[in-house]
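Before any comments, here is the structure.
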Amino acid sequence: MIDHQPGGPAWKRGAAVWGLWLLVLALAAVVIYVIWLRAFFEIYYVWLSLGDAARLVYELTIIILTIGVVAWIAVGESYLAAGAREHRLLRRFWCVAAPLLIAGVIGLIIPMI
């Protein structure tokens, strides 16, 4: 009798990696395009009052932030996959998600100041 089925837990591990990676992707989208759009609007249009340059600076900031977060997510996927192989998937997930959560909390606080 065979107790171990080859490839059995591999698809579960892959599904867990991709599920958590999609969760990170969704979290990043909410942090950038919901929370930080409002925070940067508050900074550039209300606090700094840059006039006509505010729109350019606002858009460049969002573009640069998007590029940085896309790089973070791309690196995070391989980091999560390596963590799954080492049985540290949740620990690595929190290492990838924690900076996004912190950035989200800071972005929520900025418009309230």
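So you can find residues: chains in the structure tokens are A, B, ... in the order shown, residues in each start at 1, and ligands are numbered from 1 in order.
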Q: Find the residues near segment 64-77 of chain A: any atom within 7 Å, counting only C-alpha atoms, skip ones fewer than 2 places away on the same chain, and give them as a list in words.
A: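 So, after excluding close chain neighbours, the residues are Trp21, Leu25, Leu60, Thr61, Ile62, Tyr79, Leu80, Ala81 and Val96 of chain A.
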Q) Could you pull the residues within 9 Å of Leu90 of chain A, counting only C-alpha atoms, minus those fewer than 6 positions along the same chain, as a list of chain:residue names? A)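 Contacts, with the query itself left out: A:Leu20, A:Leu80, A:Gly83, A:Ala84.
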Dump N, CA and C atoms for the selected residues as a compact mmCIF listing (two decimals), in the first residue's frame?
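Result written to again22.txt:
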```
# COMPACT_ATOMS: atom_id res chain seq x y z
N LEU A 20 -2.39 33.56 -1.60
CA LEU A 20 -1.82 34.62 -0.77
C LEU A 20 -1.22 35.73 -1.62
N LEU A 80 7.32 34.18 -1.67
CA LEU A 80 6.28 33.31 -1.11
C LEU A 80 6.45 31.87 -1.58
N GLY A 83 9.13 30.31 0.36
CA GLY A 83 8.64 30.07 1.72
C GLY A 83 7.75 28.86 1.81
N ALA A 84 6.98 28.60 0.76
CA ALA A 84 6.11 27.41 0.76
C ALA A 84 6.95 26.14 0.73
```
(Q) Need to verify the contact set: segment 37-46 of chain A, 8 Å, only C-alpha atoms, exclusion of same-chain residues closer than 3 positions in sequence. Can you return it as a PyMOL selection string? (A) chain A and resi 32-34+49-51+54+57-58+62+107-108+110-111
Q) So how many Å separate atom CA of Gly19 of chain A and atom CA of Leu89 of chain A, to one decimal? A) 11.3 Å
Q. To one decimal place, how far is atom CA of Ala16 of chain A from atom CA of Ala97 of chain A in Å?
A.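 Taking atom CA of Ala16 of chain A as the start and atom CA of Ala97 of chain A as the end point, the length is 14.9 Å.
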Q) Which distance in Å separates atom CA of Ile63 of chain A and atom CA of Val30 of chain A, to one decimal? A) 15.2 Å
Q.
Need to verify the contact set: Leu100 of chain A, 8 Å, only C-alpha atoms, exclusion of same-chain residues closer than 3 positions in sequence. Can you return it as an MDAnalysis selection string?
A. chainID A and resid 27:28 31 96:97 103:104
Residues of the last selection are to be written out with N, CA and C atoms, as a PDB file, in the first residue's frame.
```pdb
ATOM      1  N   LEU A  27      -4.418  43.805  -1.796  1.00  0.00           N
ATOM      2  CA  LEU A  27      -4.048  44.741  -0.735  1.00  0.00           C
ATOM      3  C   LEU A  27      -3.255  45.909  -1.307  1.00  0.00           C
ATOM      4  N   ALA A  28      -2.310  45.616  -2.200  1.00  0.00           N
ATOM      5  CA  ALA A  28      -1.513  46.671  -2.817  1.00  0.00           C
ATOM      6  C   ALA A  28      -2.381  47.600  -3.649  1.00  0.00           C
ATOM      7  N   VAL A  31      -4.291  49.848  -1.258  1.00  0.00           N
ATOM      8  CA  VAL A  31      -3.403  50.814  -0.605  1.00  0.00           C
ATOM      9  C   VAL A  31      -3.013  51.926  -1.568  1.00  0.00           C
ATOM     10  N   VAL A  96       5.756  40.155   3.527  1.00  0.00           N
ATOM     11  CA  VAL A  96       5.419  40.882   2.305  1.00  0.00           C
ATOM     12  C   VAL A  96       4.243  41.827   2.548  1.00  0.00           C
ATOM     13  N   ALA A  97       3.264  41.398   3.318  1.00  0.00           N
ATOM     14  CA  ALA A  97       2.043  42.184   3.513  1.00  0.00           C
ATOM     15  C   ALA A  97       2.184  43.278   4.569  1.00  0.00           C
ATOM     16  N   ALA A 103       1.832  51.026   5.289  1.00  0.00           N
ATOM     17  CA  ALA A 103       1.648  52.137   4.354  1.00  0.00           C
ATOM     18  C   ALA A 103       0.172  52.518   4.261  1.00  0.00           C
ATOM     19  N   GLY A 104      -0.702  51.531   4.299  1.00  0.00           N
ATOM     20  CA  GLY A 104      -2.132  51.818   4.263  1.00  0.00           C
ATOM     21  C   GLY A 104      -2.607  52.584   5.487  1.00  0.00           C
TER      22      GLY A 104
END
```
**Q.** Nearest to Lys12 of chain A, chosen from A:Arg85, A:Arg55, A:Leu48, A:Ile35, with only C-alpha atoms counted in the distances
**A.**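 The shortest atom-to-atom distance to Lys12 of chain A comes from A:Arg85.
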